[in-house]
>>> print(open('query02.txt').read())   # compact mmCIF, C-alpha atoms (C1' of nucleotides)
# COMPACT_ATOMS: atom_id res chain seq x y z
CA MET R 282 0.04 -36.75 -10.62
CA LYS R 283 2.58 -36.61 -7.85
CA VAL R 284 3.99 -33.12 -7.75
CA VAL R 285 6.76 -31.36 -5.90
CA PHE R 286 6.13 -27.64 -5.75
CA MET R 287 8.90 -25.08 -5.57
CA GLY R 288 8.05 -21.45 -5.05
CA THR R 289 8.43 -18.56 -2.68
CA PRO R 290 6.35 -15.39 -3.05
CA GLU R 291 2.69 -14.60 -3.30
CA PHE R 292 2.87 -15.05 -7.06
CA ALA R 293 3.41 -18.78 -6.64
CA LEU R 294 0.60 -19.30 -4.18
CA GLU R 295 -2.30 -19.37 -6.65
CA ALA R 296 -0.58 -22.07 -8.61
CA LEU R 297 0.07 -24.17 -5.55
CA LYS R 298 -3.57 -23.88 -4.48
CA ALA R 299 -4.83 -24.82 -7.92
CA LEU R 300 -2.48 -27.77 -8.22
CA SER R 301 -3.40 -29.08 -4.82
CA THR R 302 -7.01 -29.50 -5.86
CA GLU R 303 -6.22 -31.85 -8.72
CA HIS R 304 -2.88 -33.35 -7.90
CA GLU R 305 -0.95 -34.72 -5.00
CA ILE R 306 1.59 -32.31 -3.56
CA LEU R 307 4.30 -34.50 -2.08
CA ALA R 308 6.33 -31.64 -0.67
CA VAL R 309 6.96 -27.96 -1.06
CA TYR R 310 10.31 -26.29 -1.48
CA THR R 311 10.55 -22.63 -0.55
CA LYS R 312 13.04 -20.10 0.73
CA GLU R 313 13.79 -20.37 4.40
CA PRO R 314 12.09 -17.94 6.78
CA LYS R 315 14.04 -14.72 7.02
CA ILE R 316 14.35 -11.77 9.35
CA SER R 317 12.02 -9.24 7.85
CA GLY R 318 9.43 -6.60 8.44
CA ARG R 319 8.90 -4.26 11.38
CA GLY R 320 10.40 -5.61 14.50
CA ASN R 321 12.72 -7.78 12.44
CA LYS R 322 10.69 -10.88 13.00
CA LEU R 323 11.31 -14.22 11.36
CA VAL R 324 8.85 -14.40 8.49
CA LYS R 325 7.85 -17.53 6.59
CA THR R 326 7.08 -17.34 2.89
CA PRO R 327 3.44 -17.44 1.74
CA ILE R 328 4.10 -20.88 0.31
CA HIS R 329 5.55 -22.07 3.59
CA ILE R 330 2.54 -20.86 5.55
CA TRP R 331 0.04 -22.39 3.18
CA ALA R 332 1.81 -25.74 3.09
CA GLU R 333 2.05 -25.90 6.85
CA SER R 334 -1.61 -25.21 7.33
CA HIS R 335 -2.46 -27.92 4.82
CA GLY R 336 -0.20 -30.56 6.23
CA VAL R 337 2.23 -30.57 3.34
CA GLU R 338 5.91 -31.17 4.04
CA VAL R 339 7.99 -28.01 3.78
CA ARG R 340 11.65 -28.00 2.86
CA THR R 341 13.81 -24.91 2.96
CA PRO R 342 17.32 -25.73 1.85
CA LYS R 343 19.71 -22.81 1.34
CA THR R 344 20.96 -24.35 -1.86
CA LEU R 345 20.36 -27.39 -4.04
CA ARG R 346 23.93 -27.75 -5.10
CA GLN R 347 24.79 -30.37 -2.53
CA GLU R 348 24.43 -33.99 -3.47
CA GLU R 349 22.68 -34.77 -0.25
CA GLU R 350 19.86 -32.30 -0.99
CA GLN R 351 19.59 -33.62 -4.50
CA LYS R 352 19.17 -37.15 -3.24
CA LYS R 353 16.48 -36.09 -0.81
CA PHE R 354 14.74 -34.35 -3.69
CA ALA R 355 14.91 -37.39 -5.92
CA ALA R 356 13.78 -39.65 -3.10
CA LEU R 357 10.35 -38.04 -3.18
CA ASN R 358 9.78 -39.94 -6.42
CA ALA R 359 7.43 -37.39 -7.88
CA ASP R 360 6.27 -37.35 -11.48
CA ILE R 361 7.16 -33.72 -11.95
CA ALA R 362 8.33 -30.60 -10.16
CA VAL R 363 6.49 -27.32 -10.69
CA VAL R 364 8.54 -24.19 -10.13
CA ALA R 365 7.20 -20.66 -9.69
CA ALA R 366 9.49 -17.85 -8.59
CA TYR R 367 11.43 -20.16 -6.32
CA GLY R 368 14.59 -18.14 -6.12
CA LEU R 369 17.16 -20.93 -6.14
CA ILE R 370 19.06 -22.30 -9.09
CA LEU R 371 18.17 -25.85 -10.03
CA PRO R 372 21.26 -27.91 -10.88
CA ARG R 373 21.17 -30.62 -13.54
CA PRO R 374 20.57 -33.49 -11.10
CA ILE R 375 17.45 -31.74 -9.86
CA LEU R 376 16.19 -31.12 -13.39
CA ASP R 377 16.62 -34.78 -14.22
CA ALA R 378 15.31 -36.23 -10.99
CA TYR R 379 11.75 -36.93 -12.10
CA PRO R 380 10.34 -38.53 -15.26
CA LEU R 381 8.71 -35.31 -16.43
CA GLY R 382 11.44 -33.02 -15.19
CA CYS R 383 10.73 -29.54 -13.89
CA ILE R 384 8.35 -27.03 -15.39
CA ASN R 385 8.29 -23.35 -14.59
CA ILE R 386 5.60 -20.69 -14.51
CA HIS R 387 7.08 -17.52 -15.93
CA ALA R 388 5.24 -14.20 -15.85
CA SER R 389 5.88 -13.08 -19.40
CA LEU R 390 5.38 -14.09 -22.98
CA LEU R 391 8.72 -15.73 -23.54
CA PRO R 392 11.20 -15.25 -25.02
CA ARG R 393 10.41 -11.66 -24.15
CA TRP R 394 11.33 -10.64 -20.60
CA ARG R 395 13.38 -13.48 -19.31
CA GLY R 396 14.64 -12.84 -15.82
CA ALA R 397 13.65 -11.56 -12.44
CA ALA R 398 11.13 -8.75 -12.90
CA PRO R 399 9.09 -9.37 -16.04
CA ILE R 400 5.91 -7.87 -14.61
CA GLN R 401 7.39 -4.46 -13.88
CA ARG R 402 9.60 -4.31 -16.93
CA CYS R 403 6.90 -5.00 -19.48
CA ILE R 404 4.68 -2.22 -18.16
CA GLU R 405 7.61 0.11 -17.89
CA ALA R 406 8.52 -0.63 -21.49
CA GLY R 407 5.01 0.17 -22.64
CA ASP R 408 4.09 -3.32 -23.83
CA LYS R 409 0.44 -3.62 -24.85
CA LYS R 410 0.19 -7.20 -23.66
CA SER R 411 1.83 -9.63 -21.36
CA GLY R 412 1.10 -13.12 -20.21
CA VAL R 413 2.32 -16.31 -18.69
CA THR R 414 4.50 -19.00 -20.20
CA ILE R 415 4.64 -22.51 -18.86
CA MET R 416 8.01 -23.93 -19.80
CA GLN R 417 10.45 -26.70 -19.25
CA VAL R 418 13.20 -25.61 -16.89
CA ALA R 419 16.61 -25.66 -18.53
CA GLU R 420 19.99 -24.67 -17.20
CA GLY R 421 19.97 -21.24 -18.83
CA LEU R 422 17.94 -18.42 -17.34
CA ASP R 423 14.34 -18.90 -18.51
CA THR R 424 15.52 -20.46 -21.75
CA GLY R 425 13.68 -23.77 -21.62
CA ASP R 426 11.20 -25.03 -24.19
CA MET R 427 7.73 -23.55 -23.97
CA LEU R 428 4.69 -25.72 -23.27
CA MET R 429 1.78 -23.33 -23.00
CA LYS R 430 1.06 -19.61 -23.07
CA GLY R 431 -1.69 -17.25 -22.05
CA GLU R 432 -2.06 -13.56 -22.78
CA VAL R 433 -3.48 -10.59 -20.93
CA THR R 434 -3.73 -7.02 -22.16
CA ILE R 435 -2.07 -4.06 -20.51
CA THR R 436 -3.70 -0.65 -20.50
CA PRO R 437 -2.37 2.69 -19.25
CA GLN R 438 -4.35 2.01 -16.08
CA THR R 439 -2.71 -1.33 -15.36
CA THR R 440 -0.39 -1.30 -12.37
CA GLY R 441 2.29 -3.81 -11.57
CA GLY R 442 0.08 -5.08 -8.80
CA ASP R 443 -2.87 -5.56 -11.12
CA LEU R 444 -0.78 -7.45 -13.62
CA HIS R 445 0.84 -9.53 -10.90
CA ASP R 446 -2.53 -10.70 -9.66
CA LYS R 447 -3.85 -11.47 -13.13
CA LEU R 448 -0.77 -13.39 -14.12
CA ALA R 449 -0.68 -15.35 -10.89
CA GLN R 450 -4.24 -16.43 -11.57
CA LEU R 451 -3.58 -17.19 -15.21
CA GLY R 452 -0.41 -19.07 -14.33
CA ALA R 453 -2.33 -21.23 -11.92
CA GLU R 454 -4.91 -22.15 -14.56
CA LEU R 455 -2.31 -22.83 -17.22
CA VAL R 456 -0.05 -24.97 -15.11
CA VAL R 457 -2.92 -27.22 -14.17
CA LYS R 458 -3.93 -27.43 -17.81
CA THR R 459 -0.36 -28.22 -18.75
CA LEU R 460 -0.10 -31.08 -16.29
CA ASN R 461 -3.39 -32.52 -17.43
CA ASN R 462 -2.25 -32.51 -21.05
CA ILE R 463 1.44 -33.05 -20.61
CA ASP R 464 1.60 -36.05 -22.93
CA LYS R 465 -0.07 -34.19 -25.78
CA ILE R 466 1.89 -30.97 -25.63
CA ILE R 467 4.69 -30.45 -28.09
CA PRO R 468 7.44 -28.32 -26.56
CA GLU R 469 8.34 -25.25 -28.58
CA LYS R 470 11.84 -23.82 -28.69
CA GLN R 471 12.38 -20.19 -27.78
CA ASP R 472 13.72 -17.85 -30.43
CA ASP R 473 16.69 -16.35 -28.67
CA ALA R 474 16.81 -13.51 -31.18
CA LEU R 475 13.54 -12.17 -29.78
CA SER R 476 14.53 -12.42 -26.15
CA CYS R 477 15.13 -9.57 -23.77
CA TYR R 478 15.90 -9.43 -20.09
CA ALA R 479 13.88 -8.05 -17.24
CA ALA R 480 16.46 -6.67 -14.86
CA LYS R 481 15.82 -7.01 -11.18
CA VAL R 482 14.12 -4.00 -9.64
CA GLU R 483 16.70 -2.04 -7.69
CA LYS R 484 15.94 0.12 -4.70
CA GLU R 485 17.50 3.24 -6.20
CA GLU R 486 15.03 3.05 -9.08
CA SER R 487 12.12 3.97 -6.91
CA ASN R 488 13.52 7.42 -6.24
CA ILE R 489 11.76 9.60 -8.79
CA ASP R 490 13.79 10.77 -11.76
CA PHE R 491 12.37 14.09 -12.90
CA MET R 492 14.55 14.04 -15.99
CA MET R 493 12.52 11.25 -17.49
CA PRO R 494 10.04 12.07 -20.23
CA ALA R 495 6.56 12.36 -18.74
CA ALA R 496 5.15 9.35 -20.59
CA GLN R 497 7.97 7.12 -19.45
CA LEU R 498 7.70 8.37 -15.90
CA CYS R 499 4.00 7.50 -15.88
CA ARG R 500 4.70 4.01 -17.09
CA LYS R 501 7.35 3.50 -14.47
CA ILE R 502 5.03 4.75 -11.74
CA MET R 503 2.33 2.33 -12.83
CA ALA R 504 4.81 -0.53 -13.21
CA PHE R 505 6.21 -0.01 -9.73
CA SER R 506 2.82 0.37 -8.07
CA PRO R 507 2.08 -0.64 -5.41
CA TYR R 508 5.52 -2.10 -4.80
CA PRO R 509 8.18 -0.83 -4.51
CA ALA R 510 6.52 2.40 -5.69
CA ILE R 511 8.16 5.50 -7.09
CA PHE R 512 8.50 8.23 -4.48
CA PHE R 513 9.51 11.86 -4.13
CA GLU R 514 10.37 13.95 -1.10
CA HIS R 515 8.60 17.09 -0.04
CA ASN R 516 8.86 19.00 3.24
CA GLY R 517 11.16 16.28 4.49
CA GLU R 518 8.47 13.67 3.99
CA ARG R 519 8.34 10.85 1.54
CA PHE R 520 5.39 10.43 -0.79
CA LYS R 521 4.83 7.29 -2.79
CA ILE R 522 3.15 7.80 -6.13
CA LEU R 523 0.78 4.92 -6.75
CA ARG R 524 -1.02 6.15 -9.84
CA ALA R 525 -0.40 8.90 -12.33
CA ASN R 526 -1.31 9.93 -15.84
CA LEU R 527 -0.09 12.39 -18.41
CA ALA R 528 -1.22 15.97 -17.87
CA LYS R 529 -1.41 17.36 -21.36
CA ASN R 530 -2.19 20.99 -20.75
CA GLU R 531 0.03 21.63 -17.79
CA ASN R 532 3.36 23.38 -18.07
CA ILE R 533 5.31 22.77 -14.91
CA PRO R 534 9.05 23.26 -14.44
CA THR R 535 11.01 20.03 -14.31
CA GLY R 536 11.18 18.68 -10.80
CA ASN R 537 8.47 20.92 -9.40
CA VAL R 538 5.52 19.63 -7.43
CA LEU R 539 2.49 21.82 -7.90
CA GLN R 540 -0.87 21.69 -6.20
CA LYS R 541 -3.79 23.16 -8.09
CA GLY R 542 -6.96 22.94 -6.12
CA LEU R 543 -7.49 19.26 -5.52
CA GLN R 544 -5.06 18.22 -8.22
CA LEU R 545 -1.37 17.48 -7.90
CA PHE R 546 1.16 17.75 -10.71
CA ILE R 547 4.82 17.05 -11.14
CA GLY R 548 6.99 18.46 -13.89
CA ALA R 549 9.00 15.90 -15.83
CA SER R 550 11.58 16.71 -18.48
CA ASP R 551 9.20 17.25 -21.38
CA GLY R 552 5.84 17.79 -19.74
CA ALA R 553 3.85 17.14 -16.64
CA ILE R 554 2.13 14.24 -14.99
CA GLU R 555 -0.84 14.28 -12.67
CA ILE R 556 -0.66 12.18 -9.55
CA THR R 557 -3.98 10.51 -8.87
CA GLU R 558 -3.16 8.12 -6.06
CA ILE R 559 -0.59 8.80 -3.41
CA GLN R 560 0.69 7.63 -0.05
CA ARG R 561 2.21 9.94 2.51
CA GLN R 562 4.80 8.30 4.71
CA GLY R 563 3.20 6.68 7.69
CA LYS R 564 -0.24 6.94 6.11
CA LYS R 565 -2.39 4.69 4.04
CA ALA R 566 -2.61 4.98 0.30
CA MET R 567 -5.37 7.31 -0.82
CA SER R 568 -6.55 9.24 -3.82
CA THR R 569 -4.79 12.55 -4.30
CA VAL R 570 -8.11 14.33 -3.92
CA GLU R 571 -8.53 12.90 -0.44
CA LEU R 572 -5.05 13.84 0.65
CA LEU R 573 -5.36 17.37 -0.66
CA ARG R 574 -8.50 18.00 1.35
CA GLY R 575 -6.40 18.09 4.43
CA TYR R 576 -2.82 18.48 3.26
CA GLN R 577 -1.30 21.47 1.51
CA PHE R 578 1.76 21.12 -0.69
C1' C K 89 14.26 -5.73 22.00
C1' G K 90 16.41 -2.71 14.22
C1' C K 91 14.63 3.03 13.40
C1' G K 92 10.30 5.94 12.98
C1' G K 93 5.18 8.10 11.88
C1' G K 94 -0.04 7.64 12.75
C1' G K 95 -5.24 6.27 14.89
C1' U K 96 -9.61 13.51 16.46
C1' A K 97 -17.25 14.59 12.57
C1' G K 98 -18.52 10.50 6.04
C1' A K 99 -13.31 11.66 3.96
C1' G K 100 -8.48 14.32 4.60
C1' C K 101 -5.87 17.09 8.18
C1' A K 102 -4.66 20.80 12.63
C1' G K 103 -4.72 20.94 17.92
C1' C K 104 -1.03 17.43 21.91
C1' C K 105 5.53 20.03 23.51
C1' C K 106 3.27 25.07 27.18
C1' G K 107 -3.61 20.37 30.46
C1' G K 108 -9.21 24.07 30.97
C1' U K 109 -15.30 19.75 27.80
C1' A K 110 -12.51 20.55 19.88
C1' G K 111 -11.00 23.34 14.91
C1' C K 112 -9.91 23.60 9.40
C1' U K 113 -10.79 21.77 4.35
C1' U K 114 -14.14 18.83 1.88
C1' A K 115 -18.72 16.24 1.74
C1' C K 116 -23.86 16.55 3.46
C1' C K 117 -28.69 19.57 4.72
C1' A K 118 -31.33 24.49 4.39
C1' G K 119 -31.70 29.38 2.40
C1' G K 120 -29.75 33.13 -0.81
C1' C K 121 -27.18 34.81 -5.08
C1' U K 122 -26.65 33.44 -9.84
C1' C K 123 -25.17 30.85 -15.24
C1' A K 124 -20.07 30.85 -11.95
C1' U K 125 -15.42 25.92 -15.47
C1' A K 126 -12.25 23.79 -7.31
C1' A K 127 -19.23 28.79 -8.41
C1' C K 128 -20.04 32.04 -4.50
C1' C K 129 -22.44 33.94 0.29
C1' U K 130 -25.07 32.79 4.89
C1' G K 131 -26.85 29.32 8.28
C1' G K 132 -27.03 24.08 10.03
C1' G K 133 -26.55 18.80 11.44
C1' G K 134 -22.74 15.42 12.51
C1' G K 135 -17.18 13.66 16.97
C1' U K 136 -17.57 7.92 23.42
C1' C K 137 -10.66 12.76 20.33
C1' G K 138 -8.41 3.78 18.84
C1' G K 139 -9.28 0.93 23.89
C1' A K 140 -8.37 0.31 29.30
C1' G K 141 -6.31 2.20 33.62
C1' G K 142 -3.65 6.28 36.30
C1' U K 143 -2.17 11.56 37.73
C1' U K 144 -5.28 16.13 38.32
C1' C K 145 -10.24 20.53 40.57
C1' A K 146 -9.86 19.60 35.14
C1' A K 147 -6.87 15.24 29.86
C1' A K 148 -7.55 14.87 22.79
C1' U K 149 -3.51 17.09 25.52
C1' C K 150 0.80 14.18 31.01
C1' C K 151 2.05 8.64 32.69
C1' U K 152 1.30 3.10 32.03
C1' C K 153 -0.52 -1.11 29.37
C1' C K 154 -3.17 -3.08 25.03
C1' C K 155 -5.28 -3.13 19.89
C1' C K 156 -5.00 -1.48 14.75
C1' C K 157 -2.56 1.12 10.35
C1' C K 158 1.79 2.79 7.83
C1' G K 159 7.05 4.71 6.23
C1' C K 160 12.38 3.30 6.54
C1' A K 161 16.06 -0.31 7.14
C1' A K 162 17.12 -5.52 6.30
>>> encode(input="query02.txt", output="structure tokens")
Amino acid sequence: MKVVFMGTPEFALEALKALSTEHEILAVYTKEPKISGRGNKLVKTPIHIWAESHGVEVRTPKTLRQEEEQKKFAALNADIAVVAAYGLILPRPILDAYPLGCINIHASLLPRWRGAAPIQRCIEAGDKKSGVTIMQVAEGLDTGDMLMKGEVTITPQTTGGDLHDKLAQLGAELVVKTLNNIDKIIPEKQDDALSCYAAKVEKEESNIDFMMPAAQLCRKIMAFSPYPAIFFEHNGERFKILRANLAKNENIPTGNVLQKGLQLFIGASDGAIEITEIQRQGKKAMSTVELLRGYQF
RNA sequence: CGCGGGGUAGAGCAGCCCGGUAGCUUACCAGGCUCAUAACCUGGGGGUCGGAGGUUCAAAUCCUCCCCCCGCAA
């Protein structure tokens, strides 16, 4: 099939790679390079870099609202467009440009967790499973008809990063499968009554909230690990918490950070958590045991 | 030129400002003590102090350039 791929972050890359092995990628749409990172350098998206190194045309319009862009899109004459965390809204003319329309790879079991940050929000909420939904793109936010789903389980040890990687992989497999069976798949409507929204992750959220119940704090830490990561401040330094679990038998005052031998605890509102993986500012991530060999709280 | 931290024994850190051939914790090895819930005591091995120049009688420590890692901001 002739495919136009639209995506931006790392999450989309697996899908693009998988599609490229079985289908023809006519062009790639991605966000334009932006000033980012140390030194404020112009950084291209992972999709952009991959496409360039594989000789695929890259397009980086700021918006698809203009008729001119829409015509250029349609002129590619693809069979279908595959979208994965692209970041731009697709207007009607784009959705209707190709015979098979646009399908999206969404990192949740829709209709649960529509929106921007399904990976983090489902762990934070304590869901026992998550997955990927391949769906038709509609005008509403992640409301289109579903074509295919795949599940993965979430354990208390699953971090946002772990889930991200698994879902990216799963999404890649499913989207290929979807394209190969597109004529046999019967689209399934979403039950709006079961939907919920995964709010964008805001910067302020990564500042630790000691008033949270311990269990919830743990989930949030795992959900936000490794990025953006929950942090606390101590001795004027910032420490990212990358992994934590409930500390049942510890009684630590809310908001206190307590070192006990080679263990590190933090008091939440109704109990304590033990930090097991941590990153001191300016340092690499390491197990708490390693840090405590040389650093005293 | 966005702001900043760091690269020192296997691991984690101190020392650097106020130059004088390196220290702590842990791990490892040996011996001792002994049933200790981070067991303890004694002894021991292990380091081109990221790389290259420079200043100096002398540089991990001061100066210059380079490489690598990371936090913040966006």
>>> interface_residues(input="query02.txt", of="chain K", to="chain R", cutoff="7 Å", atoms="all atoms listed in the file", output="list of chain:residue names")
K:G90, K:G93, K:G94, K:A99, K:G100, K:C101, K:U113, K:U114, K:A126, K:C158, K:G159, K:A162
>>> atom_distance(input="query02.txt", atom1="atom C1' of K:G107", atom2="atom C1' of K:G141")
18.6 Å
>>> atom_distance(input="query02.txt", atom1="atom CA of R:Ala474", atom2="atom CA of R:Ile502")
29.2 Å
>>> residues_around(input="query02.txt", residues="stretch 283-298 of chain R", least_positions_apart="4", cutoff="6 Å", atoms="all atoms listed in the file", output="PyMOL selection string")
chain R and resi 305-312+326-328+359-367+449+453
>>> write_last_selection(input="query02.txt", atoms="C-alpha atoms", output="compact mmCIF listing (two decimals), in the coordinates of the input")
# COMPACT_ATOMS: atom_id res chain seq x y z
CA GLU R 305 -0.95 -34.72 -5.00
CA ILE R 306 1.59 -32.31 -3.56
CA LEU R 307 4.30 -34.50 -2.08
CA ALA R 308 6.33 -31.64 -0.67
CA VAL R 309 6.96 -27.96 -1.06
CA TYR R 310 10.31 -26.29 -1.48
CA THR R 311 10.55 -22.63 -0.55
CA LYS R 312 13.04 -20.10 0.73
CA THR R 326 7.08 -17.34 2.89
CA PRO R 327 3.44 -17.44 1.74
CA ILE R 328 4.10 -20.88 0.31
CA ALA R 359 7.43 -37.39 -7.88
CA ASP R 360 6.27 -37.35 -11.48
CA ILE R 361 7.16 -33.72 -11.95
CA ALA R 362 8.33 -30.60 -10.16
CA VAL R 363 6.49 -27.32 -10.69
CA VAL R 364 8.54 -24.19 -10.13
CA ALA R 365 7.20 -20.66 -9.69
CA ALA R 366 9.49 -17.85 -8.59
CA TYR R 367 11.43 -20.16 -6.32
CA ALA R 449 -0.68 -15.35 -10.89
CA ALA R 453 -2.33 -21.23 -11.92
>>> atom_distance(input="query02.txt", atom1="atom CA of R:Tyr478", atom2="atom CA of R:Leu391")
10.2 Å
>>> axis_aligned_box(input="query02.txt", around="stretch 339-355 of chain R", padding_each_side="8 Å", output="AutoDock Vina command-line options")
--center_x 16.4 --center_y -30.1 --center_z -1.1 --size_x 32.8 --size_y 30.6 --size_z 25.7
>>> residues_near_point(input="query02.txt", point="(-24.5, 17.8, 11.2)", cutoff="10 Å", atoms="all atoms listed in the file", output="ChimeraX atom specification")
/K:97,116-117,132-134
>>> decode(input="query02.txt", residues="stretch 516-534 of chain R", atoms="N, CA and C atoms", output="PDB file, in the first residue's frame")
ATOM      1  N   ASN R 516      18.850  19.773  50.504  1.00  0.00           N
ATOM      2  CA  ASN R 516      20.135  20.475  50.522  1.00  0.00           C
ATOM      3  C   ASN R 516      20.316  21.335  49.280  1.00  0.00           C
ATOM      4  N   GLY R 517      19.232  21.916  48.810  1.00  0.00           N
ATOM      5  CA  GLY R 517      19.339  22.782  47.646  1.00  0.00           C
ATOM      6  C   GLY R 517      19.568  22.050  46.340  1.00  0.00           C
ATOM      7  N   GLU R 518      19.512  20.713  46.406  1.00  0.00           N
ATOM      8  CA  GLU R 518      19.689  19.949  45.178  1.00  0.00           C
ATOM      9  C   GLU R 518      18.382  19.265  44.814  1.00  0.00           C
ATOM     10  N   ARG R 519      18.274  18.946  43.555  1.00  0.00           N
ATOM     11  CA  ARG R 519      17.069  18.303  43.083  1.00  0.00           C
ATOM     12  C   ARG R 519      17.327  16.815  42.882  1.00  0.00           C
ATOM     13  N   PHE R 520      16.421  15.998  43.352  1.00  0.00           N
ATOM     14  CA  PHE R 520      16.558  14.551  43.188  1.00  0.00           C
ATOM     15  C   PHE R 520      15.329  14.015  42.478  1.00  0.00           C
ATOM     16  N   LYS R 521      15.562  13.371  41.353  1.00  0.00           N
ATOM     17  CA  LYS R 521      14.450  12.737  40.651  1.00  0.00           C
ATOM     18  C   LYS R 521      14.230  11.355  41.252  1.00  0.00           C
ATOM     19  N   ILE R 522      12.990  11.011  41.469  1.00  0.00           N
ATOM     20  CA  ILE R 522      12.676   9.669  41.954  1.00  0.00           C
ATOM     21  C   ILE R 522      12.245   8.846  40.751  1.00  0.00           C
ATOM     22  N   LEU R 523      13.004   7.791  40.453  1.00  0.00           N
ATOM     23  CA  LEU R 523      12.696   7.021  39.254  1.00  0.00           C
ATOM     24  C   LEU R 523      11.943   5.729  39.549  1.00  0.00           C
ATOM     25  N   ARG R 524      12.113   5.229  40.780  1.00  0.00           N
ATOM     26  CA  ARG R 524      11.357   4.056  41.184  1.00  0.00           C
ATOM     27  C   ARG R 524      11.106   4.117  42.687  1.00  0.00           C
ATOM     28  N   ALA R 525       9.952   3.647  43.081  1.00  0.00           N
ATOM     29  CA  ALA R 525       9.632   3.629  44.506  1.00  0.00           C
ATOM     30  C   ALA R 525       8.594   2.555  44.757  1.00  0.00           C
ATOM     31  N   ASN R 526       8.531   2.103  46.013  1.00  0.00           N
ATOM     32  CA  ASN R 526       7.453   1.195  46.376  1.00  0.00           C
ATOM     33  C   ASN R 526       6.983   1.514  47.793  1.00  0.00           C
ATOM     34  N   LEU R 527       5.859   0.953  48.139  1.00  0.00           N
ATOM     35  CA  LEU R 527       5.288   1.218  49.452  1.00  0.00           C
ATOM     36  C   LEU R 527       6.182   0.629  50.533  1.00  0.00           C
ATOM     37  N   ALA R 528       6.399   1.385  51.592  1.00  0.00           N
ATOM     38  CA  ALA R 528       7.160   0.893  52.740  1.00  0.00           C
ATOM     39  C   ALA R 528       6.152   0.676  53.866  1.00  0.00           C
ATOM     40  N   LYS R 529       5.799  -0.572  54.037  1.00  0.00           N
ATOM     41  CA  LYS R 529       4.706  -0.874  54.970  1.00  0.00           C
ATOM     42  C   LYS R 529       5.012  -0.541  56.424  1.00  0.00           C
ATOM     43  N   ASN R 530       6.195  -0.963  56.867  1.00  0.00           N
ATOM     44  CA  ASN R 530       6.469  -0.853  58.295  1.00  0.00           C
ATOM     45  C   ASN R 530       7.237   0.399  58.707  1.00  0.00           C
ATOM     46  N   GLU R 531       7.209   1.392  57.867  1.00  0.00           N
ATOM     47  CA  GLU R 531       7.926   2.614  58.220  1.00  0.00           C
ATOM     48  C   GLU R 531       6.926   3.695  58.605  1.00  0.00           C
ATOM     49  N   ASN R 532       7.245   4.408  59.674  1.00  0.00           N
ATOM     50  CA  ASN R 532       6.402   5.513  60.086  1.00  0.00           C
ATOM     51  C   ASN R 532       7.230   6.788  60.035  1.00  0.00           C
ATOM     52  N   ILE R 533       7.056   7.524  58.959  1.00  0.00           N
ATOM     53  CA  ILE R 533       7.870   8.708  58.745  1.00  0.00           C
ATOM     54  C   ILE R 533       6.966   9.927  58.599  1.00  0.00           C
ATOM     55  N   PRO R 534       7.289  11.002  59.287  1.00  0.00           N
ATOM     56  CA  PRO R 534       6.456  12.207  59.210  1.00  0.00           C
ATOM     57  C   PRO R 534       6.276  12.667  57.770  1.00  0.00           C
TER      58      PRO R 534
END
